[in-house]
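One structure is given below, encoded as structure tokens.
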Amino acid sequence: MADKLPTEFDVVIIGTGLPESILAAACSRSGQRVLHVDSRSYYGGNWASFSFTGLLSWLKDCQQTCDSEEGVTAVWQDLIHETEEAIALCKKDETIQHAEVFCYASQDVEDSMQDTDALQKSSSPEAPATPADSLDSASLPKERHSASYEAPSRHTEGSDRELSTPSADVEDTLEKEKYCGDKMETHTVSDGDKSEHKLVEDSIEQPKRNRITYSQMVKESRRFNIDLVSKLLYSQGSLIDLLIKSNVSRYAEFKNVTRILAFREGKIEQVPCSRADVFNSKELTMVEKRMLMKFLTFCLDYEQHSDEYQDFTQCSFSDYLKTKKLTPNLQHFILYSIAMTSESSCTTLDGLQATKNFLQCLGRFGNTPFIFPLYGQGEIPQCFCRMCAVFGGVYCLRHKVQCLVVDKVSGRCTGIIDAFGQRISANYVIVEDSYLSKETCSNVQYKQISRAVLITDQSILKTDSDQQISILVVPPLEPGTASVRVMELCSSTMTCMKDSYLVHLTCFSSKTAREDLEPVVKQLFIPFAEAEADKDELRKPRLLWALYFNMRDSSGVSRSSYCGLPSNVYICSGPDWGLGNEHAVKQAETLFQEIFPSEEFCPPPPNPEDIIFEAEG
């Protein structure tokens with residue numbers, strides 16, 4: 001057991017997601033004594049980023065059943081006084097469901113990066129693929145142990161944890177391993193079942209491509225920084241403003257998103273963003289260019305022309321666009337590549353606001369409205385944790401909290417009891433939603449997000465540069481399905497190894513993540529590295545590895561939905577479906593102003609020259 005924590009704090013924050021981390025930084029900056037704890041061994045919660053093997057270890061953790069803690073429960077129950085009652089916290093994170101992993105890259109350890117010409121010299125079929133956890137654990141990076149009191153750093157222990165897996169004989173088999181519920185299922189298909197498939201070999205038509213093996217992905221594990229949640233930063237958004245105002249931006253680096261893509265009639269094309277791009281575009285006619293510029297100019301100050309849309313406020317944005325005499329091509333670009341919304345779920349006012357927001361963000365850092373943090377979205381919570389630590393916040397990972405202690409007379413929470421039976425008093429407690437028990441959340445109706453993470457061997461739209469960061473919204477492929485947001489990251493974002501791409505897919509859940517997203521994956525990629533394919537299929541990126549999972553979205557839950565919470569306990573939600581981070585920032589600022597109404601939210605840090613140090617003694 002680590003040294004005991006101090007017993008008194010002003011604010012105790014449980015969970016290290018983005019809203020909680022912003023709140024921790026704001027509270028610490030305003031002079032509050034802050035204890036920031038997390039039962040996980042990594043920062044960020046569902047906002048975290050992982051190395052490749054770290055992600056596999058996270059998947060294993062998601063499958064583990066909760067250990068019996070009856071003995072511990074008896075300890076903290078004995079610490080509750082007669083004038084107090086306890087609100088037990090959840091013992092297991094249940095925000096991730098239906099996780100399924102498929103690996104299609106070759107397992108051959110001797111297989112190095114090869115181009116297509118080398119492949120064609122071999123008469124044997126492609127080397128077999130293997131599940132993500134069938135490699136001997138000896139080849140994986142060792143765990144880095146750290147003390148209980150831990151300052152945030154770029155690569156936390158959660159990204160590099162050891163994954164202990166049994167070695168497996170995978171010769172001449174194609175294995176697809178699925179993590180479903182609490183069970184792990186392995187399905188094998190022998191090479192004999194694939195004997196009728198033959199590679200289409202055309203040395204002139206077939207594009208050259210590198211060949212990446214599963215062994216190489218494991219070896220280059222730390223080159224990957226794989227986000228659990230896929231988001232970008234709007235260049236004029238609230239998170240950028242907060243990063244600059246608080247000077248937290250010094251802890252992170254960013255890259256411009258280089259292009260916005262559209263998927264129409266089975267083809268991917270680049271969308272013009274700036275005025276120059278519009279008039280240089282070969283995809284639009286001259287008439288369409290004028291129509292588009294006229295509509296976008298209107299959107300920039302649409303509030304001043306309410307008569308233009310007043311009769312359509314109850315209509316969908318898609319229906320409103322049809323009344324503006326825009327061509328189907330322009331309607332598609334505006335709906336899916338500028339407003340980045342769907343036909344059915346977006347009202348006219350929401351669509352106009354989204355379009356205005358897009359346009360206002362253009363030009364600040366580049367030709368697109370977005371930037372992306374190097375090393376992944378998981379860097380942002382850690383940046384705010386660093387700020388909290390600089391101003392005296394205390395951090396403790398792998399530290400479980402058993403219950404909140406509530407005074408029966410006042411009805412206020414007076415503190416917490418941790419897994420070691422230590423009682424810690426606090427004036428305010430902030431808890432991330434996933435830590436609340438089923439009893440507390442019995443009246444809550446959660447939404448779900450479907451997520452997929454893919455590793456591929458080339459870009460979905462090849463250009464002269466192989467270092468493109470792309471965002472694409474794929475319209476519903478069938479009636480009743482949701483549009484899917486696709487983000488493709490190159491190796492210069494420090495999120496994947498050289499010659500590979502990391503692709504994130506996100507949509508609202510209607511089924512399991514795989515059922516929701518696999519149709520789009522099959523449209524954009526060669527999903528199973530199939531040997532039998534026509535030449536057009538072989539031009540698509542090849543899918544090397546895929547993860548599907550559903551994530552809980554608690555962003556729309558009101559405080560009144562939770563049962564029996566004291567007035568000085570505040571709840572932060574997990575990641576929402578939106579592309580930006582506005583909800584997390586707004587939630588953190590709102591809660592801070594409720595707790596400390598007279599304090600400024602994340603003020604600029606003092607100039608070092610203005611700091612006066614008290615004389616010793």
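Just so we're on the same page: first chain in the structure tokens is A, next is B, and so on; residues restart at 1 for each chain, and ligands are numbered from 1 in the order they show up.
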**Message:** Residues within 9 Å of region 486-500 of chain A, please, as number ranges by chain. Count only C-alpha atoms; anything in the same chain fewer than 4 positions from it doesn't count.
**Reply:** A: 51-52, 210, 212, 217, 220-227, 230-231, 254-255, 372-376, 455-460, 466-474, 504-506
Selection to disk with C-alpha atoms, as an mmCIF file, in the first residue's frame:
```cif
data_model
loop_
_atom_site.group_PDB
_atom_site.id
_atom_site.type_symbol
_atom_site.label_atom_id
_atom_site.label_comp_id
_atom_site.auth_asym_id
_atom_site.auth_seq_id
_atom_site.Cartn_x
_atom_site.Cartn_y
_atom_site.Cartn_z
ATOM 1 C CA SER A 51 -0.200 2.420 -27.794
ATOM 2 C CA PHE A 52 -1.082 -0.636 -29.883
ATOM 3 C CA ASN A 210 3.929 -1.801 -48.595
ATOM 4 C CA ILE A 212 2.809 -4.553 -42.946
ATOM 5 C CA MET A 217 2.665 -3.427 -35.539
ATOM 6 C CA GLU A 220 6.261 -0.471 -33.436
ATOM 7 C CA SER A 221 3.569 -0.396 -30.755
ATOM 8 C CA ARG A 222 4.715 2.889 -29.242
ATOM 9 C CA ARG A 223 4.430 4.602 -32.621
ATOM 10 C CA PHE A 224 0.665 4.244 -32.213
ATOM 11 C CA ASN A 225 -1.456 6.570 -30.099
ATOM 12 C CA ILE A 226 -4.979 5.261 -30.583
ATOM 13 C CA ASP A 227 -7.820 7.403 -29.253
ATOM 14 C CA SER A 230 -12.457 10.543 -32.214
ATOM 15 C CA LYS A 231 -12.546 14.344 -32.097
ATOM 16 C CA PHE A 254 -1.037 20.468 -33.099
ATOM 17 C CA LYS A 255 -1.312 19.879 -36.833
ATOM 18 C CA PHE A 372 -5.538 17.809 -34.361
ATOM 19 C CA PRO A 373 -3.283 17.308 -31.297
ATOM 20 C CA LEU A 374 -0.083 15.391 -31.947
ATOM 21 C CA TYR A 375 -0.029 12.071 -30.067
ATOM 22 C CA GLY A 376 -3.831 11.966 -30.038
ATOM 23 C CA ILE A 455 -5.198 0.343 -39.273
ATOM 24 C CA THR A 456 -4.747 0.470 -43.066
ATOM 25 C CA ASP A 457 -1.874 0.483 -45.526
ATOM 26 C CA GLN A 458 -2.749 3.535 -47.645
ATOM 27 C CA SER A 459 -4.990 6.586 -47.766
ATOM 28 C CA ILE A 460 -8.634 6.484 -48.813
ATOM 29 C CA ASP A 466 1.136 10.731 -48.117
ATOM 30 C CA GLN A 467 0.879 12.921 -44.991
ATOM 31 C CA GLN A 468 -2.761 13.973 -45.158
ATOM 32 C CA ILE A 469 -5.169 14.360 -42.235
ATOM 33 C CA SER A 470 -8.682 13.888 -43.592
ATOM 34 C CA ILE A 471 -12.250 14.145 -42.351
ATOM 35 C CA LEU A 472 -15.146 12.553 -44.228
ATOM 36 C CA VAL A 473 -18.851 12.073 -43.513
ATOM 37 C CA VAL A 474 -20.387 9.076 -45.285
ATOM 38 C CA HIS A 504 -11.570 6.329 -36.827
ATOM 39 C CA LEU A 505 -15.265 5.760 -37.579
ATOM 40 C CA THR A 506 -18.051 7.166 -35.386
#
```
**Request:** Extract, using only C-alpha atoms, all DNA, RNA and protein residues at most 10 Å from Ile417 (chain A), discarding same-chain residues fewer than 3 positions from it, and format them as a PyMOL selection string.
**Result:** chain A and resi 75-77+79-80+86+88+400-405+420-425
Mind dumping the selected residues with N, CA, C and O atoms as a PDB file, in the first residue's frame?
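Final file, part.pdb:
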```pdb
ATOM      1  N   VAL A  75     -15.042  -3.273   5.462  1.00  0.00           N
ATOM      2  CA  VAL A  75     -14.149  -2.301   6.078  1.00  0.00           C
ATOM      3  C   VAL A  75     -14.752  -0.913   6.016  1.00  0.00           C
ATOM      4  O   VAL A  75     -14.845  -0.215   7.027  1.00  0.00           O
ATOM      5  N   TRP A  76     -15.192  -0.482   4.827  1.00  0.00           N
ATOM      6  CA  TRP A  76     -15.689   0.896   4.753  1.00  0.00           C
ATOM      7  C   TRP A  76     -17.066   1.046   5.411  1.00  0.00           C
ATOM      8  O   TRP A  76     -17.399   2.115   5.899  1.00  0.00           O
ATOM      9  N   GLN A  77     -17.848  -0.024   5.456  1.00  0.00           N
ATOM     10  CA  GLN A  77     -19.130   0.074   6.157  1.00  0.00           C
ATOM     11  C   GLN A  77     -18.926   0.284   7.652  1.00  0.00           C
ATOM     12  O   GLN A  77     -19.708   0.995   8.301  1.00  0.00           O
ATOM     13  N   LEU A  79     -16.685   2.081   8.889  1.00  0.00           N
ATOM     14  CA  LEU A  79     -16.211   3.441   9.082  1.00  0.00           C
ATOM     15  C   LEU A  79     -17.330   4.477   9.001  1.00  0.00           C
ATOM     16  O   LEU A  79     -17.099   5.659   9.254  1.00  0.00           O
ATOM     17  N   ILE A  80     -18.537   4.051   8.622  1.00  0.00           N
ATOM     18  CA  ILE A  80     -19.666   4.970   8.524  1.00  0.00           C
ATOM     19  C   ILE A  80     -20.295   5.147   9.901  1.00  0.00           C
ATOM     20  O   ILE A  80     -20.665   4.174  10.563  1.00  0.00           O
ATOM     21  N   ALA A  86     -23.804   6.109   3.383  1.00  0.00           N
ATOM     22  CA  ALA A  86     -22.834   5.983   2.297  1.00  0.00           C
ATOM     23  C   ALA A  86     -23.541   5.822   0.958  1.00  0.00           C
ATOM     24  O   ALA A  86     -24.608   5.198   0.874  1.00  0.00           O
ATOM     25  N   ALA A  88     -22.520   4.069  -2.320  1.00  0.00           N
ATOM     26  CA  ALA A  88     -21.496   3.200  -2.902  1.00  0.00           C
ATOM     27  C   ALA A  88     -21.261   3.573  -4.363  1.00  0.00           C
ATOM     28  O   ALA A  88     -22.188   3.931  -5.093  1.00  0.00           O
ATOM     29  N   LYS A 400      -8.811   3.343  -6.030  1.00  0.00           N
ATOM     30  CA  LYS A 400     -10.261   3.180  -6.046  1.00  0.00           C
ATOM     31  C   LYS A 400     -10.910   3.905  -4.870  1.00  0.00           C
ATOM     32  O   LYS A 400     -10.360   3.935  -3.772  1.00  0.00           O
ATOM     33  N   VAL A 401     -12.071   4.444  -5.144  1.00  0.00           N
ATOM     34  CA  VAL A 401     -12.892   5.067  -4.100  1.00  0.00           C
ATOM     35  C   VAL A 401     -14.109   4.178  -3.871  1.00  0.00           C
ATOM     36  O   VAL A 401     -14.843   3.852  -4.815  1.00  0.00           O
ATOM     37  N   GLN A 402     -14.329   3.779  -2.639  1.00  0.00           N
ATOM     38  CA  GLN A 402     -15.400   2.847  -2.330  1.00  0.00           C
ATOM     39  C   GLN A 402     -16.763   3.534  -2.238  1.00  0.00           C
ATOM     40  O   GLN A 402     -17.754   3.027  -2.741  1.00  0.00           O
ATOM     41  N   CYS A 403     -16.796   4.691  -1.589  1.00  0.00           N
ATOM     42  CA  CYS A 403     -18.099   5.313  -1.369  1.00  0.00           C
ATOM     43  C   CYS A 403     -17.951   6.794  -1.069  1.00  0.00           C
ATOM     44  O   CYS A 403     -16.857   7.275  -0.724  1.00  0.00           O
ATOM     45  N   LEU A 404     -19.056   7.506  -1.216  1.00  0.00           N
ATOM     46  CA  LEU A 404     -19.169   8.886  -0.760  1.00  0.00           C
ATOM     47  C   LEU A 404     -19.830   8.868   0.620  1.00  0.00           C
ATOM     48  O   LEU A 404     -20.763   8.084   0.864  1.00  0.00           O
ATOM     49  N   VAL A 405     -19.375   9.714   1.510  1.00  0.00           N
ATOM     50  CA  VAL A 405     -19.919   9.787   2.866  1.00  0.00           C
ATOM     51  C   VAL A 405     -20.853  11.000   2.953  1.00  0.00           C
ATOM     52  O   VAL A 405     -20.459  12.121   2.609  1.00  0.00           O
ATOM     53  N   PHE A 420      -8.478   1.585   0.583  1.00  0.00           N
ATOM     54  CA  PHE A 420      -7.638   1.212   1.724  1.00  0.00           C
ATOM     55  C   PHE A 420      -8.304   1.525   3.052  1.00  0.00           C
ATOM     56  O   PHE A 420      -7.697   1.361   4.103  1.00  0.00           O
ATOM     57  N   GLY A 421      -9.536   2.020   2.986  1.00  0.00           N
ATOM     58  CA  GLY A 421     -10.248   2.351   4.211  1.00  0.00           C
ATOM     59  C   GLY A 421      -9.915   3.728   4.755  1.00  0.00           C
ATOM     60  O   GLY A 421     -10.330   4.063   5.868  1.00  0.00           O
ATOM     61  N   GLN A 422      -9.165   4.523   3.991  1.00  0.00           N
ATOM     62  CA  GLN A 422      -8.826   5.871   4.450  1.00  0.00           C
ATOM     63  C   GLN A 422      -9.994   6.814   4.193  1.00  0.00           C
ATOM     64  O   GLN A 422     -10.588   6.825   3.126  1.00  0.00           O
ATOM     65  N   ARG A 423     -10.285   7.621   5.180  1.00  0.00           N
ATOM     66  CA  ARG A 423     -11.355   8.599   5.085  1.00  0.00           C
ATOM     67  C   ARG A 423     -10.747   9.950   4.705  1.00  0.00           C
ATOM     68  O   ARG A 423      -9.836  10.445   5.384  1.00  0.00           O
ATOM     69  N   ILE A 424     -11.250  10.560   3.657  1.00  0.00           N
ATOM     70  CA  ILE A 424     -10.732  11.839   3.162  1.00  0.00           C
ATOM     71  C   ILE A 424     -11.894  12.822   3.103  1.00  0.00           C
ATOM     72  O   ILE A 424     -12.895  12.577   2.418  1.00  0.00           O
ATOM     73  N   SER A 425     -11.781  13.924   3.808  1.00  0.00           N
ATOM     74  CA  SER A 425     -12.869  14.907   3.847  1.00  0.00           C
ATOM     75  C   SER A 425     -12.720  15.893   2.695  1.00  0.00           C
ATOM     76  O   SER A 425     -11.604  16.174   2.233  1.00  0.00           O
TER      77      SER A 425
END
```
**Message:** I want to know what sits within 7 Å of region 281-295 of chain A, based on only C-alpha atoms, with residues of the same chain fewer than 6 positions away left out; could you give that as an NGL selection string?
**Reply:** :A and (272 or 326 or 330)
Could those residues be written to a file, using N, CA, C and O atoms, as a PDB file, in the first residue's frame?
```
ATOM      1  N   PRO A 272     -13.840  21.681 -51.715  1.00  0.00           N
ATOM      2  CA  PRO A 272     -13.200  22.995 -51.613  1.00  0.00           C
ATOM      3  C   PRO A 272     -13.692  23.734 -50.372  1.00  0.00           C
ATOM      4  O   PRO A 272     -14.887  23.747 -50.089  1.00  0.00           O
ATOM      5  N   LEU A 326     -30.406  24.895 -54.796  1.00  0.00           N
ATOM      6  CA  LEU A 326     -29.039  24.392 -54.920  1.00  0.00           C
ATOM      7  C   LEU A 326     -29.046  23.063 -55.663  1.00  0.00           C
ATOM      8  O   LEU A 326     -29.988  22.279 -55.535  1.00  0.00           O
ATOM      9  N   LEU A 330     -24.271  20.398 -54.657  1.00  0.00           N
ATOM     10  CA  LEU A 330     -24.018  21.400 -53.624  1.00  0.00           C
ATOM     11  C   LEU A 330     -24.721  21.042 -52.323  1.00  0.00           C
ATOM     12  O   LEU A 330     -24.162  21.234 -51.231  1.00  0.00           O
TER      13      LEU A 330
END
```
**Asked** When you draw a straight line from CA of Gln216 (chain A) to CA of Trp545 (chain A), how long is it in Å?
**Response** 12.3 Å
**Request:** Report as a VMD selection string: the residues of region 356-401 of chain A with a DSSP assignment of strand (DSSP E), based on the backbone of this structure.
**Result:** chain A and resid 370 to 373 394 to 397 401
Take the residues that were just selected and, keeping N, CA, C and O atoms, output them as a PDB file, in the first residue's frame.
```
ATOM      1  N   PHE A 370     -10.155  22.893 -38.794  1.00  0.00           N
ATOM      2  CA  PHE A 370      -9.821  21.968 -37.710  1.00  0.00           C
ATOM      3  C   PHE A 370      -8.321  21.840 -37.510  1.00  0.00           C
ATOM      4  O   PHE A 370      -7.526  21.945 -38.451  1.00  0.00           O
ATOM      5  N   ILE A 371      -7.943  21.534 -36.265  1.00  0.00           N
ATOM      6  CA  ILE A 371      -6.587  21.095 -35.958  1.00  0.00           C
ATOM      7  C   ILE A 371      -6.679  19.829 -35.109  1.00  0.00           C
ATOM      8  O   ILE A 371      -7.713  19.541 -34.499  1.00  0.00           O
ATOM      9  N   PHE A 372      -5.578  19.086 -35.083  1.00  0.00           N
ATOM     10  CA  PHE A 372      -5.538  17.809 -34.361  1.00  0.00           C
ATOM     11  C   PHE A 372      -4.308  17.792 -33.468  1.00  0.00           C
ATOM     12  O   PHE A 372      -3.210  18.184 -33.891  1.00  0.00           O
ATOM     13  N   PRO A 373      -4.442  17.348 -32.202  1.00  0.00           N
ATOM     14  CA  PRO A 373      -3.283  17.308 -31.297  1.00  0.00           C
ATOM     15  C   PRO A 373      -2.345  16.155 -31.631  1.00  0.00           C
ATOM     16  O   PRO A 373      -2.790  15.013 -31.802  1.00  0.00           O
ATOM     17  N   VAL A 394      -2.943  17.190  -6.156  1.00  0.00           N
ATOM     18  CA  VAL A 394      -2.369  15.882  -5.822  1.00  0.00           C
ATOM     19  C   VAL A 394      -3.014  14.835  -6.716  1.00  0.00           C
ATOM     20  O   VAL A 394      -4.244  14.769  -6.834  1.00  0.00           O
ATOM     21  N   TYR A 395      -2.180  13.993  -7.357  1.00  0.00           N
ATOM     22  CA  TYR A 395      -2.680  12.972  -8.285  1.00  0.00           C
ATOM     23  C   TYR A 395      -2.381  11.575  -7.771  1.00  0.00           C
ATOM     24  O   TYR A 395      -1.322  11.329  -7.191  1.00  0.00           O
ATOM     25  N   CYS A 396      -3.341  10.683  -7.997  1.00  0.00           N
ATOM     26  CA  CYS A 396      -3.164   9.301  -7.567  1.00  0.00           C
ATOM     27  C   CYS A 396      -3.952   8.385  -8.495  1.00  0.00           C
ATOM     28  O   CYS A 396      -5.181   8.323  -8.426  1.00  0.00           O
ATOM     29  N   LEU A 397      -3.239   7.682  -9.381  1.00  0.00           N
ATOM     30  CA  LEU A 397      -3.869   6.694 -10.254  1.00  0.00           C
ATOM     31  C   LEU A 397      -3.940   5.347  -9.547  1.00  0.00           C
ATOM     32  O   LEU A 397      -3.337   5.146  -8.499  1.00  0.00           O
ATOM     33  N   VAL A 401     -12.071   4.444  -5.144  1.00  0.00           N
ATOM     34  CA  VAL A 401     -12.892   5.067  -4.100  1.00  0.00           C
ATOM     35  C   VAL A 401     -14.109   4.178  -3.871  1.00  0.00           C
ATOM     36  O   VAL A 401     -14.843   3.852  -4.815  1.00  0.00           O
TER      37      VAL A 401
END
```
**Fill in**
Pairwise distance, CA of Asn607 (chain A) with CA of Asn247 (chain A), equals 11.1 Å
**Prompt:** Can you tell me how far CA of Ser434 (chain A) sits from CA of Val390 (chain A), in Å to one decimal?
**Reply:** 27.1 Å
Residues of region 562-587 of chain A that have any atom at most 12 Å from an atom of region 332-349 of chain A: could you tabulate them with the shortest-distance atom pair and the distance in Å to one decimal, using only C-alpha atoms, ordered by chain and increasing number, as a Markdown table?
```
| residue | atom | partner | partner_atom | distance |
| --- | --- | --- | --- | --- |
| A:Trp577 | CA | A:Thr341 | CA | 11.5 |
| A:Gly578 | CA | A:Thr341 | CA | 9.9 |
| A:Leu579 | CA | A:Met340 | CA | 8.9 |
| A:Gly580 | CA | A:Met340 | CA | 11.5 |
```
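Within the 7 Å cut-off around Leu23 (chain A), using only C-alpha atoms and omitting residues fewer than 4 positions from it on the same chain, the listed residues are Pro19, Cys27, Ala588 and Phe592 of chain A.
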Go ahead and dump the residues you just picked, C-alpha atoms, as a JSON list (two decimals), in the first residue's frame.
```
[["chain", "number", "residue", "atom", "x", "y", "z"],
["A", 19, "PRO", "CA", -14.26, 17.70, -18.18],
["A", 27, "CYS", "CA", -9.96, 24.62, -9.11],
["A", 588, "ALA", "CA", -16.62, 22.14, -16.95],
["A", 592, "PHE", "CA", -17.01, 25.55, -11.86]]
```
